[in-house]
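A.B. asks: Please find one structure pasted underneath; my questions will follow.
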There are 2 protein chains.
Amino acid sequence: MVKPNLRISSKDKKSKSSQAEDESAKRTRGDTRQNLLDAAMEVMAEDESGLAGLSLRAVAKRAGVSPTAFYRHFPDMEELGLAMLDEIGQMLRRMLREVRKVGDPQQMVGGSMLTFFSFVKQNRAKFVVLGRERVGGSPRMRAAIRNQMAFFSNELASDIQLMGAFPQMSQNDHFRLGSLIIGLAVGAIPDILDLPENQPEAEQELRITMEKQGLMLLLGASQWNRHQDRETDNKDRKRRK
Amino acid sequence: MVKPNLRISSKDKKSKSSQAEDESAKRTRGDTRQNLLDAAMEVMAEDESGLAGLSLRAVAKRAGVSPTAFYRHFPDMEELGLAMLDEIGQMLRRMLREVRKVGDPQQMVGGSMLTFFSFVKQNRAKFVVLGRERVGGSPRMRAAIRNQMAFFSNELASDIQLMGAFPQMSQNDHFRLGSLIIGLAVGAIPDILDLPENQPEAEQELRITMEKQGLMLLLGASQWNRHQDRETDNKDRKRRK
DNA sequence: TCAATCTGTGTACAATCGTTAACAGGAGAC
DNA sequence: GTCTCCTGTTAACGATTGTACACAGATTGA
């Protein structure tokens, strides 16, 4: 089983990251590093290339800075990518905190989909990066993303376990359920991102589908042990810690 | 591999590349178009960029052809990408045919994961393209992939429906189940592709997880209507073609 | 106060990019 | 035979790329 090794933000210097989304204002003064990060995400979201195909000069120009200034903050594009991932991780943890307030699994899944939706729409660029680099990025990038996802699967799993809804389900299977739910959400990212703008019914449709699918998962989990028992629990006693 | 080569001062440039790779045998003569397609997929699989960041010249060189020859077959890189998708679709349909031989849903899910695994490993480059362009590609590309996936969800759904395992489940919910399973498989693509080479136990672990997750889905589906009935069956009047 | 360190600038250069243009060999139709 | 596509070539272009270098103001520490 994957052990999540969460990479905490490395540098945490001023970290006065402005939450305001005003494009022009936030670029006017100071923190070039942050501007470069934001610029990179913007360019990636508009343009249709991955981090690998991202032009250093384009990023610098978008950040309102000369190309060579880039090297003052990042030795590499990949390093910038990893820094982006830190930001994305923070955002995701914020999301997790919002999801965690509920105490009932069923309600939690339903509500989670709602928060997930709003987070994707509010942090569009970040999710573009996330979804894109998960498959296309460098090995380091992919590994980092996989870690993030494993971390969330774990958190989700232990949340559900603490709720005690499925008391006989093993920890491993709790984790599998968690990663199943996370996978459902992550898999829906491209669908959410490509949602037609002025057509709320399509969004509603997708939302309902996701909610129903989430409930289906939970329902399966609730029957899991019963099923496992009937199946004369064959090859699952190999590791149960 | 020996071209006519009757120009006066030819440089014999491909003497090196013609021997090293097993792949190069198939592009010795004839069908340049196919060679370009294969070359593009190879470059994409090795390189870590999407189709957008793919160099026309690199593809041409890999195909053993001059850059300008590209235009004889494709006006555009995107057009080549769509052609690639056609090939990928064929491959997927081949896979579907192999999966369909089973008559029992539970067995089918278990077996499907196996065939899926072997297909991913056998067609690595194609799955790299598929997973990557699903999120990062051009709108046309993304739409085409979404279509493919919807097609497969549909096929899978009607297969399951024909088996009659969940008689009271609506067609819509059958479709949701289908896309849930497809999503599970697609979501696992990056995990499978990144599997360490010489470590079969990790692969086995992933396979078990996928199988269990698939079964969890089915289990949830089997309880679906019971649950729905209890839930004061809300409105589910959507259209599907 | 002087010196050092950051952080930005502009210039420059070699590679590589996509694309156009002119041209040549081969194959089939006549 | 000739004529005409089809498919490949080389040469060349202008643009854009990443990066190295030298330099300048601003901040900081002594």
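Lettering and numbering for the structure tokens are positional, with chains as A, B, ... in the shown order, residues counted from 1 in each chain, and ligands counted from 1 in the shown order.
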Once the least-squares fit of chain A onto chain B is done over all Cα atoms matched in order, how many Å of RMSD are left?

C.D. replies: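 After superposition, the RMSD is 10.1 Å.
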
A.B. asks: Counting only C-alpha atoms (C1' of nucleotides), which residues of chain A sit at most 8 Å from some atom of chain C, and what is each one's closest atom pair with its distance in Å to one decimal, listed by chain and rising residue number, as a Markdown table?

C.D. replies:
```
| residue | atom | partner | partner_atom | distance |
| --- | --- | --- | --- | --- |
| A:Ser66 | CA | C:DT9 | C1' | 7.3 |
| A:Ala69 | CA | C:DG8 | C1' | 6.5 |
| A:Arg72 | CA | C:DT7 | C1' | 7.1 |
```

A.B. asks: Restricted to N, CA and C atoms, what would the selected residues look like written as an mmCIF file, in the first residue's frame?

C.D. replies:
```
data_model
loop_
_atom_site.group_PDB
_atom_site.id
_atom_site.type_symbol
_atom_site.label_atom_id
_atom_site.label_comp_id
_atom_site.auth_asym_id
_atom_site.auth_seq_id
_atom_site.Cartn_x
_atom_site.Cartn_y
_atom_site.Cartn_z
ATOM 1 N N SER A 66 11.323 40.370 -17.292
ATOM 2 C CA SER A 66 12.204 39.956 -18.375
ATOM 3 C C SER A 66 12.511 38.462 -18.269
ATOM 4 N N ALA A 69 14.965 37.158 -15.710
ATOM 5 C CA ALA A 69 14.595 37.262 -14.296
ATOM 6 C C ALA A 69 14.066 35.932 -13.771
ATOM 7 N N ARG A 72 16.295 33.976 -11.495
ATOM 8 C CA ARG A 72 16.503 34.430 -10.126
ATOM 9 C C ARG A 72 15.670 33.635 -9.142
#
```

A.B. asks: Compile the contact shell of DT19 (chain D) as an mmCIF file with N, CA and C atoms (P, O5', C5', C4', C3', O3' and C1' of nucleotides), in the first residue's frame: residues with an atom at most 10 Å away, counting only C-alpha atoms (C1' of nucleotides), same-chain residues fewer than 5 positions apart removed.

C.D. replies:
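Now in out.cif:
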```
data_model
loop_
_atom_site.group_PDB
_atom_site.id
_atom_site.type_symbol
_atom_site.label_atom_id
_atom_site.label_comp_id
_atom_site.auth_asym_id
_atom_site.auth_seq_id
_atom_site.Cartn_x
_atom_site.Cartn_y
_atom_site.Cartn_z
ATOM 1 N N PRO A 67 12.782 37.844 -19.413
ATOM 2 C CA PRO A 67 13.002 36.389 -19.406
ATOM 3 C C PRO A 67 14.085 35.953 -18.433
ATOM 4 N N THR A 68 15.144 36.725 -18.390
ATOM 5 C CA THR A 68 16.253 36.279 -17.546
ATOM 6 C C THR A 68 15.931 36.361 -16.064
ATOM 7 N N TYR A 71 15.355 33.122 -13.882
ATOM 8 C CA TYR A 71 16.388 32.302 -13.231
ATOM 9 C C TYR A 71 16.710 32.787 -11.827
ATOM 10 P P DC C 13 26.309 38.192 -31.161
ATOM 11 O "O5'" DC C 13 26.199 36.620 -30.968
ATOM 12 C "C5'" DC C 13 26.493 36.051 -29.694
ATOM 13 C "C4'" DC C 13 26.094 34.582 -29.703
ATOM 14 C "C3'" DC C 13 25.843 34.025 -31.101
ATOM 15 O "O3'" DC C 13 26.294 32.687 -31.170
ATOM 16 C "C1'" DC C 13 23.901 33.821 -29.819
#
```

A.B. asks: May I ask you to extract the residues of chain A within 6 Å of chain B, using only C-alpha atoms, and to give them as a count of residues only?

C.D. replies: 12

A.B. asks: Taking only residues of chain A that have an atom at most 9 Å from an atom of chain D, what is each one's shortest atom pair and its distance in Å to one decimal, using only C-alpha atoms (C1' of nucleotides), in chain and number order, as a tab-separated table?

C.D. replies:
```
residue	atom	partner	partner_atom	distance
A:Ser55	CA	D:DT17	C1'	7.7
A:Leu56	CA	D:DG18	C1'	7.8
A:Arg57	CA	D:DT17	C1'	8.2
A:Thr68	CA	D:DT19	C1'	8.3
```
